[in-house]
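One structure is given here, and the rest of the page talks about it.
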There are 2 protein chains.
Amino acid sequence: MIKIKIIPREAFNQLQEMDIDKYAKMSLIADMCRANTLSAVKLAGSGHLGSSFSAMDIVSWLYYQEMNTLHEGIHSQNRDIYFSSKGHDVPGLYSILYSAGIIPKEKFLKLRRIDGLDGHPHISIPGIEANSGSLGMGISKAKGMAFAKNLLKRSGRLFVLTGDGELQEGQIYEALQSTVHQKLNNLNVIVDHNKVQSDKPVCEIIDLRDLETKFRAFGWYVERCDGHDFRQLEQVLARFREINDKPKILIADTIKGKGVSFMEHPNSLKDGNGLYQWHSGAPDDISFLTAQDELFTRIHHALSNKGLPSIAAQEISHEKKSSGVTSEYVSDAFGESLVHLAAERDDIVVLDADLAADCHLREFEKKYPDRFIENGIAEQDMVSMAGGLAIQGLLPVVNTFGAFLASRANEQIYNNTSENTRIIYVCHYAGLIPAGPGLSHQSLRDISLFSALPNTEIIQPANATETRMVVDYCINHAKGNCVIRVVIGPSPRHLNLPAGYRLRPGVGATLREGKDAVLFAYGPVMLHEALEAAEILENNGLTLTVINMPWLNRVDPSWLKGAVDAYSSVYVLEDHAIVGGLGNTILNKMAQLQMLDHRRFGIFGIQGMPAWGTPSEVLHFHGLSGPDLAKSIIKDHEVKA
Amino acid sequence: MIKIKIIPREAFNQLQEMDIDKYAKMSLIADMCRANTLSAVKLAGSGHLGSSFSAMDIVSWLYYQEMNTLHEGIHSQNRDIYFSSKGHDVPGLYSILYSAGIIPKEKFLKLRRIDGLDGHPHISIPGIEANSGSLGMGISKAKGMAFAKNLLKRSGRLFVLTGDGELQEGQIYEALQSTVHQKLNNLNVIVDHNKVQSDKPVCEIIDLRDLETKFRAFGWYVERCDGHDFRQLEQVLARFREINDKPKILIADTIKGKGVSFMEHPNSLKDGNGLYQWHSGAPDDISFLTAQDELFTRIHHALSNKGLPSIAAQEISHEKKSSGVTSEYVSDAFGESLVHLAAERDDIVVLDADLAADCHLREFEKKYPDRFIENGIAEQDMVSMAGGLAIQGLLPVVNTFGAFLASRANEQIYNNTSENTRIIYVCHYAGLIPAGPGLSHQSLRDISLFSALPNTEIIQPANATETRMVVDYCINHAKGNCVIRVVIGPSPRHLNLPAGYRLRPGVGATLREGKDAVLFAYGPVMLHEALEAAEILENNGLTLTVINMPWLNRVDPSWLKGAVDAYSSVYVLEDHAIVGGLGNTILNKMAQLQMLDHRRFGIFGIQGMPAWGTPSEVLHFHGLSGPDLAKSIIKDHEVKA
């Protein structure tokens, strides 16, 4: 068990009373918040340190020196409002809100837990002003707040932080032009220009070129300064206060990972051979202790150099829980299959929106650089570009998280579909789990978003073996467009497909035989819960057939008849919202085939907005864990009996 | 019957043989194509003249002087490729393709007819290179084509035309930055800078500011010239050919409606008190004849001044068909209700994305300018701005066509929904009809795109009376978010709601009683077809209950039980894709309530991509006209019996 230290709120109060200049004080506050952020992320097992640290000096300065928010109160209608548009830097913001007494300690120590703090900003958390995490929306949202403040005659200024990679999103430019035209001059935007997006330099992904000229051409008042120099920040923000005829934007040059030497991007890029290491995820024990030590040493030196008393840190007990998962990642199998099939077909081109690592595209990128298109965080452009590639006869494979692909580029996907070409869309991070990053990242509506698209099959593989079959099917056999849903995390158990299993369109595979009911499910996460439910039910005298059904909008009628024939209860388990998923597909087919006489039909799926938390917390919250499913099925059985 | 004249293809051939300089020849070709465009739009009863005319000189020059396409052939892999990103200027392009013998005359005379030409570009039409009509996708798509040409070692350049209002779309800026980074220098973009978007000057909607500086800041090679001066176009395009280290963009200053004096924007804006009159729709008879006369007079003078023989025009017979619709527009009632309710509630703010006329928002804009937000063609920004307004406690009513709102801003809508605020989204131009503008404008997936959003009710009123009730419900009574679907065209019949009808959540209204089956439908278009089906069935000895069900994702269980109890056949008619609409809502509820024993259930809806054409053509094509529905129900009845 390693020592995880938290600097308590009282230490920040003590610091406020100390007789040192405000710049030194702010330096200490920022570093103390960094230390707390580091601990919170370590406790959570995941989180975004790089951006939390690059933005820390700016955000601390805003709250402690520039804005009236802490003084007016977070519920005052006339408060200044700050939020981050990128949102993943929220662990840093939480630590500032904790230092100011707004977020209580018991919440702060529960980052990414169901009764704690969301992995991206959520408005239900004290001090959080807007939900973010899907990129590029912040300036637009602040525009609305600024307009409303004018209309309602409320005072208070708006401060929005954006990333730099985020500036690849087109919505940013929509907002830049309309803010000026609509004269919403109460807006202050700060670009946390830390030069690195998820793991590569911005200039390598899609270069932003001369940002100052760009923003000026859009009509903004532009300044640029060192985002770690409090004196410069103070001066720029003072000038912003005086400028009332234009909205204002500050390009703050920052260092990703600032404050922990080996996390700072120049060092980390070198250590990682060009890949930045600390964008997301928690550091291992040794890295954590090294980072913690560096921060605490600097804090103590700063205090002792000024002859000030040291601050007390509290140790938090931290037990590593075994995660209970296998070493299988279906996303690994996806990436390998792509590389494998690309050797046979030179018409395959792969598109990425700055998630190459998470989407397991690095091998393809290395092996086929001419056929790999890095498009930056610009999903609409990526999808329409795929349309153009397909018109010329290539077979594009479009990759990003399902939450972004299906919803942000939906009209572009529809437009492509109308051209009768063939494109493969890959929804990575499909489904509810992991639930730490929160609702902006969990993809639970994508099946419904693709459902009314003609000529498009939606498929989700259950394990690595089936993933290879699915990729092969989509590339070599499908006639129309394909959507592949890929779970991002490790598979919770090794699923055994039937001996000699082959992928056949519209046909599922029985994983476990039972007599009392049949449950259709898909993907490694929910098939595990389904099988667990079956195991529990068996101990309760009920047996359940569990069918892996990878075809989410296509069912072979005669197979379906055979599959449900023996059962008076038919259930579908979604890794998706309860509306618009596999359940609807099967129910419609059963209705069409007149198979609903004297049969119960039920869908288990996510209702309401998805919760954040650990997998087990969130599965249980939505009633979708194995034990919960077993309970529901028993209850249904009793009602029927 | 007025005289509609078409200049035949042979006349263009004759002109090519004439001994005049190429600039005079191009002037004649452009005017002759304008004359043909005018006639095609008049025959169609609808179309976009303003943009067709502003772009005509540029596009004629590209095809006849700059590109190799006509010479290489439209199927050559090495051809130059031109397409318009805005797409609504396609009547002009069709006339050029007709003049060059690529589109046959029988197709050319059938603009917006099912066996003719789509109202927006469709790749199935000879010479059309990409589908467009949903704005902002063109540069991205051309990027894909350029990348593919490089990879496949095909020659041929890419030319994309954009509008200027279209430059408000964020995707444009995504594409501008990635084109440069990806070194797709084979791209030539031409901005048809005609200064007017749908009916107001661009500088009034959302000003574009200094475009040249903007584009240069994104790294493009930029030129600007008079888009009606062939010599200038020639020189710029010659320079473009020499520049290989950057993609190229030409800002072509043009006049909207160029070539017909009263359609040219300076005149038309004056005549229309600041509103441009000729963006879409067909001119009335007198305007048509005046315009035709002006064009033909100029053509004849140009020829006779050079001592050349006149060209022959053919007269096309043109019979006006009575449209068979009422004077009721539900969209009128929507606009009036907004104005009415805004007098009672000062928290209502209305947002528009440059469709204020079509969305019937002008009255609101005039009466409540402080609460009307014109956001330009930037749906994502508009929706996120609404999110910010709602966070501050206002009640935003967000307007644009459903095809754009539901699919282009889907992630932004989800993000707003996650903030537990209240927003009303209005999907104008909902459903299949009118089908002249084609699939980019017909909104047939919006119910499915909203279906998995928690806390969101989707409602579509049947007539003006119910529209007023729905708007009142959404503004004054609903607890969560609302989506209102509004048909854009005139109602085909006056629907009588039951005496004393009040809107009750989840409850429909019986419009006609029958004994043999029940049919649920919604909206003025499909309820008309449903009633027509019932009338036909009655003559065939079958009686049909027709229920208006405005609640598309909410059903009151006890009402539903009563509504279907007496019937062994239950049908749902969608003004939507067959997947993801009201049918799924009712089927799910019936399954949940165990109401499917011994009942047939069927959904009628749009399958595949929607067709373009007149209402009756397209309703029949999809099997959704009254007679088609009656036939299907009779057949189903016979199977059952």
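By convention in this document, the chains of the structure tokens carry letters A, B, ... by their order, each chain's residues are numbered from 1, and ligands are numbered from 1 in the order they are shown.
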* Do you know which residues are at most 10 Å from range 195-206 of chain B counting only C-alpha atoms, after dropping those on the same chain fewer than 3 positions away, and could you put them as number ranges by chain? -> A: 174, 177-182; B: 48, 50-51, 163-168, 192, 209, 253-256, 265-266, 268-269, 272, 274-280, 353-358, 373-378
* **Which of range 187-315 of chain B DSSP labels helix (DSSP H, G or I), written as a VMD selection string** => chain B and resid 202 to 205 211 to 217 230 to 242 261 to 263 265 to 271 285 to 305
* Per-residue DSSP, range 14-230 of chain B, filtered to strand (DSSP E), as a VMD selection string -> chain B and resid 81 to 84 158 to 162 187 to 193 221 to 226
Proximal residues of chain A relative to chain B (only C-alpha atoms; 6 Å) as a short mmCIF file (atom, residue, chain, number, x, y, z; two decimals) with C-alpha atoms, in the first residue's frame:
data_model
loop_
_atom_site.label_atom_id
_atom_site.label_comp_id
_atom_site.auth_asym_id
_atom_site.auth_seq_id
_atom_site.Cartn_x
_atom_site.Cartn_y
_atom_site.Cartn_z
CA SER A 140 -21.32 28.46 -27.80
CA LYS A 141 -22.68 27.64 -24.38
CA ALA A 142 -21.03 30.66 -22.80
CA LYS A 143 -22.58 32.78 -25.57
CA GLY A 144 -25.99 31.63 -24.35
CA MET A 145 -25.09 32.51 -20.76
CA ALA A 148 -29.08 35.64 -20.90
CA GLY A 170 -15.62 23.27 -36.39
CA GLN A 171 -18.12 24.39 -33.77
CA TYR A 173 -15.38 28.67 -35.51
CA GLU A 174 -19.17 28.86 -35.65
CA ALA A 175 -19.02 30.30 -32.15
CA HIS A 181 -21.71 39.40 -34.64
CA ILE A 206 -3.55 19.01 -37.53
CA LYS A 214 -6.87 33.55 -37.10
CA ALA A 217 -9.66 37.64 -38.53
CA ALA A 378 -12.91 17.03 -36.51
CA ASP A 381 -14.69 16.56 -41.73
CA SER A 384 -17.33 13.56 -45.21
CA MET A 385 -13.75 12.95 -46.27
CA ALA A 386 -14.51 9.23 -46.02
CA GLY A 387 -17.45 9.91 -48.33
CA GLY A 388 -15.10 11.35 -50.95
CA LEU A 389 -12.66 8.45 -50.57
CA SER A 407 -24.02 11.82 -32.90
CA ARG A 408 -21.63 14.54 -34.03
CA ASN A 410 -24.69 11.93 -38.04
CA GLU A 411 -25.79 14.13 -40.92
CA ARG A 445 -27.46 5.95 -28.25
CA LEU A 449 -28.71 6.93 -34.22
CA ALA A 452 -33.03 4.49 -39.56
CA PRO A 454 -30.84 2.39 -45.00
CA VAL A 579 -34.92 2.44 -26.69
CA ASP A 597 -48.79 -14.84 -28.92
CA HIS A 598 -48.59 -15.95 -25.28
CA GLY A 608 -32.26 7.85 -18.14
#
* Do you know which residues are at most 7 Å from range 30-46 of chain A counting only C-alpha atoms, after dropping those on the same chain fewer than 6 positions away, and could you put them as a PyMOL selection string? -> chain A and resi 4-7+53+56-57+60+91-92+95-96+109-112+280-283+292+295+299+318
Name all residues at most 9 Å from Ile488 in chain B (count only C-alpha atoms; drop same-chain ones fewer than 6 positions away) and give them as an mmCIF file with C-alpha atoms, in the first residue's frame.
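Writing done, so here's around-v2.cif:
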data_model
loop_
_atom_site.group_PDB
_atom_site.id
_atom_site.type_symbol
_atom_site.label_atom_id
_atom_site.label_comp_id
_atom_site.auth_asym_id
_atom_site.auth_seq_id
_atom_site.Cartn_x
_atom_site.Cartn_y
_atom_site.Cartn_z
ATOM 1 C CA TYR B 329 -50.318 25.679 -42.770
ATOM 2 C CA VAL B 330 -49.506 24.205 -39.371
ATOM 3 C CA SER B 331 -46.281 26.189 -39.520
ATOM 4 C CA ASP B 358 -39.673 28.976 -43.602
ATOM 5 C CA CYS B 359 -39.990 28.486 -39.845
ATOM 6 C CA HIS B 428 -39.585 22.172 -39.237
ATOM 7 C CA TYR B 429 -40.058 20.502 -42.599
ATOM 8 C CA ALA B 430 -40.801 17.229 -40.799
ATOM 9 C CA GLY B 431 -41.621 14.185 -42.867
ATOM 10 C CA ILE B 433 -43.519 15.960 -48.134
ATOM 11 C CA PRO B 434 -42.616 18.171 -49.975
#
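For the residues B:Val564, B:Ala238, B:Cys482, B:Ala55, ranking by smallest atom-to-atom distance to Gly257 in chain B using only C-alpha atoms places B:Ala55 first.
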For Ala435 in chain A, work out the shell of residues within 10 Å, counting only C-alpha atoms and skipping chain neighbours fewer than 6 positions away, then give it as a PDB file with N, CA, C and O atoms, in the first residue's frame.
ATOM      1  N   ARG A 112     -14.566   9.768  -9.932  1.00  0.00           N
ATOM      2  CA  ARG A 112     -15.017   8.673 -10.797  1.00  0.00           C
ATOM      3  C   ARG A 112     -15.739   7.565 -10.028  1.00  0.00           C
ATOM      4  O   ARG A 112     -15.810   6.427 -10.517  1.00  0.00           O
ATOM      5  N   ARG A 113     -16.268   7.904  -8.858  1.00  0.00           N
ATOM      6  CA  ARG A 113     -17.105   6.955  -8.124  1.00  0.00           C
ATOM      7  C   ARG A 113     -18.539   7.445  -8.159  1.00  0.00           C
ATOM      8  O   ARG A 113     -18.809   8.645  -8.253  1.00  0.00           O
ATOM      9  N   ILE A 114     -19.460   6.512  -8.059  1.00  0.00           N
ATOM     10  CA  ILE A 114     -20.871   6.854  -8.268  1.00  0.00           C
ATOM     11  C   ILE A 114     -21.379   7.887  -7.259  1.00  0.00           C
ATOM     12  O   ILE A 114     -22.217   8.727  -7.578  1.00  0.00           O
ATOM     13  N   ASP A 118     -17.760  13.113 -11.124  1.00  0.00           N
ATOM     14  CA  ASP A 118     -17.734  12.614 -12.499  1.00  0.00           C
ATOM     15  C   ASP A 118     -16.350  12.834 -13.123  1.00  0.00           C
ATOM     16  O   ASP A 118     -15.659  13.798 -12.793  1.00  0.00           O
ATOM     17  N   GLY A 119     -15.970  11.965 -14.031  1.00  0.00           N
ATOM     18  CA  GLY A 119     -14.698  12.099 -14.732  1.00  0.00           C
ATOM     19  C   GLY A 119     -14.668  13.251 -15.720  1.00  0.00           C
ATOM     20  O   GLY A 119     -13.598  13.669 -16.167  1.00  0.00           O
ATOM     21  N   HIS A 441     -18.808  10.421 -22.790  1.00  0.00           N
ATOM     22  CA  HIS A 441     -17.985   9.411 -23.444  1.00  0.00           C
ATOM     23  C   HIS A 441     -18.666   8.051 -23.602  1.00  0.00           C
ATOM     24  O   HIS A 441     -18.291   7.277 -24.470  1.00  0.00           O
ATOM     25  N   GLN A 442     -19.633   7.766 -22.740  1.00  0.00           N
ATOM     26  CA  GLN A 442     -20.334   6.482 -22.838  1.00  0.00           C
ATOM     27  C   GLN A 442     -21.244   6.512 -24.063  1.00  0.00           C
ATOM     28  O   GLN A 442     -22.060   7.426 -24.204  1.00  0.00           O
ATOM     29  N   PRO A 610     -26.864   7.880 -18.314  1.00  0.00           N
ATOM     30  CA  PRO A 610     -25.998   6.908 -17.650  1.00  0.00           C
ATOM     31  C   PRO A 610     -25.318   7.512 -16.424  1.00  0.00           C
ATOM     32  O   PRO A 610     -24.965   8.684 -16.414  1.00  0.00           O
ATOM     33  N   ALA A 611     -25.163   6.693 -15.418  1.00  0.00           N
ATOM     34  CA  ALA A 611     -24.433   7.125 -14.220  1.00  0.00           C
ATOM     35  C   ALA A 611     -22.927   7.032 -14.476  1.00  0.00           C
ATOM     36  O   ALA A 611     -22.492   6.355 -15.393  1.00  0.00           O
ATOM     37  N   TRP A 612     -22.163   7.733 -13.660  1.00  0.00           N
ATOM     38  CA  TRP A 612     -20.712   7.539 -13.681  1.00  0.00           C
ATOM     39  C   TRP A 612     -20.319   6.737 -12.444  1.00  0.00           C
ATOM     40  O   TRP A 612     -21.039   6.760 -11.435  1.00  0.00           O
ATOM     41  N   GLY A 613     -19.164   6.086 -12.529  1.00  0.00           N
ATOM     42  CA  GLY A 613     -18.681   5.315 -11.386  1.00  0.00           C
ATOM     43  C   GLY A 613     -17.861   4.125 -11.846  1.00  0.00           C
ATOM     44  O   GLY A 613     -17.464   4.053 -13.011  1.00  0.00           O
ATOM     45  N   THR A 614     -17.595   3.205 -10.951  1.00  0.00           N
ATOM     46  CA  THR A 614     -16.876   1.991 -11.333  1.00  0.00           C
ATOM     47  C   THR A 614     -17.844   1.088 -12.102  1.00  0.00           C
ATOM     48  O   THR A 614     -19.072   1.261 -12.006  1.00  0.00           O
ATOM     49  N   PRO A 615     -17.325   0.113 -12.836  1.00  0.00           N
ATOM     50  CA  PRO A 615     -18.229  -0.770 -13.577  1.00  0.00           C
ATOM     51  C   PRO A 615     -19.303  -1.392 -12.688  1.00  0.00           C
ATOM     52  O   PRO A 615     -20.496  -1.360 -13.030  1.00  0.00           O
ATOM     53  N   SER A 616     -18.897  -1.925 -11.554  1.00  0.00           N
ATOM     54  CA  SER A 616     -19.906  -2.624 -10.740  1.00  0.00           C
ATOM     55  C   SER A 616     -20.920  -1.646 -10.161  1.00  0.00           C
ATOM     56  O   SER A 616     -22.114  -1.933 -10.105  1.00  0.00           O
ATOM     57  N   GLU A 617     -20.464  -0.463  -9.753  1.00  0.00           N
ATOM     58  CA  GLU A 617     -21.406   0.548  -9.238  1.00  0.00           C
ATOM     59  C   GLU A 617     -22.463   0.886 -10.280  1.00  0.00           C
ATOM     60  O   GLU A 617     -23.658   0.972  -9.993  1.00  0.00           O
ATOM     61  N   VAL A 618     -21.989   1.099 -11.496  1.00  0.00           N
ATOM     62  CA  VAL A 618     -22.882   1.623 -12.532  1.00  0.00           C
ATOM     63  C   VAL A 618     -23.783   0.527 -13.101  1.00  0.00           C
ATOM     64  O   VAL A 618     -24.969   0.753 -13.361  1.00  0.00           O
ATOM     65  N   LEU A 619     -23.245  -0.671 -13.263  1.00  0.00           N
ATOM     66  CA  LEU A 619     -24.091  -1.774 -13.713  1.00  0.00           C
ATOM     67  C   LEU A 619     -25.213  -2.006 -12.708  1.00  0.00           C
ATOM     68  O   LEU A 619     -26.374  -2.192 -13.076  1.00  0.00           O
TER      69      LEU A 619
END
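Taking CA of Arg231 in chain B as the reference point, CA of Asn78 in chain B is found at 26.5 Å.
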For Asn185 in chain B, list every protein, DNA or RNA residue within 6 Å, evaluated using only C-alpha atoms, and leave out those in the same chain fewer than 2 positions away; present the list as a compact mmCIF listing (two decimals) with N, CA and C atoms, in the first residue's frame.
# COMPACT_ATOMS: atom_id res chain seq x y z
N LYS B 183 -1.90 18.43 -46.98
CA LYS B 183 -1.26 18.79 -48.25
C LYS B 183 -2.07 18.34 -49.47
N LEU B 187 -6.80 20.80 -54.51
CA LEU B 187 -8.14 21.32 -54.27
C LEU B 187 -8.23 22.80 -54.65
N ASN B 244 1.27 24.75 -56.60
CA ASN B 244 1.16 23.35 -56.21
C ASN B 244 1.51 23.08 -54.75
N LYS B 246 0.02 24.66 -52.14
CA LYS B 246 -1.08 25.04 -51.26
C LYS B 246 -2.40 24.73 -51.94
N PRO B 247 -3.44 24.47 -51.17
CA PRO B 247 -4.76 24.46 -51.78
C PRO B 247 -5.17 25.90 -52.07
* Asked: Please, what distance in Å, to one decimal, runs between CA of Gly47 in chain B and CA of Met263 in chain B?
  -> 13.9 Å
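Proximity to Ser287 in chain A was assessed for A:Leu573, A:Leu303, A:Ala333, A:Ile2 counting only C-alpha atoms; the smallest distance is recorded for A:Ile2.
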* Find the spatial neighbours of range 492-496 of chain A, counting only C-alpha atoms, within a cut-off of 12 Å - ignore same-chain residues fewer than 2 positions away - and output them as a ChimeraX atom specification. => /A:323-330,433-434,461-466,487-490,498-501,509-512,522-532,546-548,615-616
Take the residues from that selection and write them out as a PDB file, in the first residue's frame, keeping C-alpha atoms.
ATOM      1  CA  SER A 323     -10.310  -5.800 -11.183  1.00  0.00           C
ATOM      2  CA  GLY A 324     -11.672  -9.244 -12.049  1.00  0.00           C
ATOM      3  CA  VAL A 325     -11.146  -8.960 -15.757  1.00  0.00           C
ATOM      4  CA  THR A 326      -9.287 -10.971 -18.366  1.00  0.00           C
ATOM      5  CA  SER A 327      -6.363  -9.851 -20.477  1.00  0.00           C
ATOM      6  CA  GLU A 328      -8.527  -9.876 -23.614  1.00  0.00           C
ATOM      7  CA  TYR A 329      -9.348  -6.576 -25.328  1.00  0.00           C
ATOM      8  CA  VAL A 330     -11.671  -6.811 -28.319  1.00  0.00           C
ATOM      9  CA  ILE A 433     -18.436   0.555 -19.358  1.00  0.00           C
ATOM     10  CA  PRO A 434     -16.007   2.094 -18.412  1.00  0.00           C
ATOM     11  CA  PRO A 461     -18.564  -8.756 -31.475  1.00  0.00           C
ATOM     12  CA  ALA A 462     -18.509 -10.692 -28.218  1.00  0.00           C
ATOM     13  CA  ASN A 463     -14.840 -11.538 -27.971  1.00  0.00           C
ATOM     14  CA  ALA A 464     -11.547 -11.347 -29.823  1.00  0.00           C
ATOM     15  CA  THR A 465     -12.337 -14.294 -32.072  1.00  0.00           C
ATOM     16  CA  GLU A 466     -15.651 -12.870 -33.155  1.00  0.00           C
ATOM     17  CA  VAL A 487     -15.863  -2.185 -26.259  1.00  0.00           C
ATOM     18  CA  ILE A 488     -12.777  -0.273 -25.119  1.00  0.00           C
ATOM     19  CA  GLY A 489     -11.975  -2.050 -21.883  1.00  0.00           C
ATOM     20  CA  PRO A 490     -10.846  -5.558 -21.020  1.00  0.00           C
ATOM     21  CA  PRO A 498     -19.739 -22.797 -29.988  1.00  0.00           C
ATOM     22  CA  ALA A 499     -17.287 -25.156 -31.656  1.00  0.00           C
ATOM     23  CA  GLY A 500     -17.011 -24.437 -35.357  1.00  0.00           C
ATOM     24  CA  TYR A 501     -18.828 -21.110 -34.971  1.00  0.00           C
ATOM     25  CA  ALA A 509     -24.925 -18.145 -31.099  1.00  0.00           C
ATOM     26  CA  THR A 510     -26.144 -19.931 -27.987  1.00  0.00           C
ATOM     27  CA  LEU A 511     -23.602 -19.639 -25.176  1.00  0.00           C
ATOM     28  CA  ARG A 512     -25.590 -21.428 -22.510  1.00  0.00           C
ATOM     29  CA  TYR A 522     -24.132  -8.748 -27.169  1.00  0.00           C
ATOM     30  CA  GLY A 523     -20.615  -7.592 -26.490  1.00  0.00           C
ATOM     31  CA  PRO A 524     -18.205  -8.836 -23.811  1.00  0.00           C
ATOM     32  CA  VAL A 525     -19.550  -6.652 -21.001  1.00  0.00           C
ATOM     33  CA  MET A 526     -23.218  -7.535 -21.127  1.00  0.00           C
ATOM     34  CA  LEU A 527     -22.749 -11.155 -22.141  1.00  0.00           C
ATOM     35  CA  HIS A 528     -20.747 -11.544 -18.941  1.00  0.00           C
ATOM     36  CA  GLU A 529     -23.626 -10.089 -16.910  1.00  0.00           C
ATOM     37  CA  ALA A 530     -26.102 -12.278 -18.804  1.00  0.00           C
ATOM     38  CA  LEU A 531     -24.096 -15.411 -18.031  1.00  0.00           C
ATOM     39  CA  GLU A 532     -23.697 -14.359 -14.424  1.00  0.00           C
ATOM     40  CA  VAL A 546     -28.077 -17.007 -23.201  1.00  0.00           C
ATOM     41  CA  ILE A 547     -27.616 -16.097 -26.847  1.00  0.00           C
ATOM     42  CA  ASN A 548     -24.861 -13.910 -28.208  1.00  0.00           C
ATOM     43  CA  PRO A 615     -18.229  -0.770 -13.577  1.00  0.00           C
ATOM     44  CA  SER A 616     -19.906  -2.624 -10.740  1.00  0.00           C
TER      45      SER A 616
END
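Pairwise distance (CA of Ser337 in chain A, CA of Ile459 in chain A) equals 15.5 Å.
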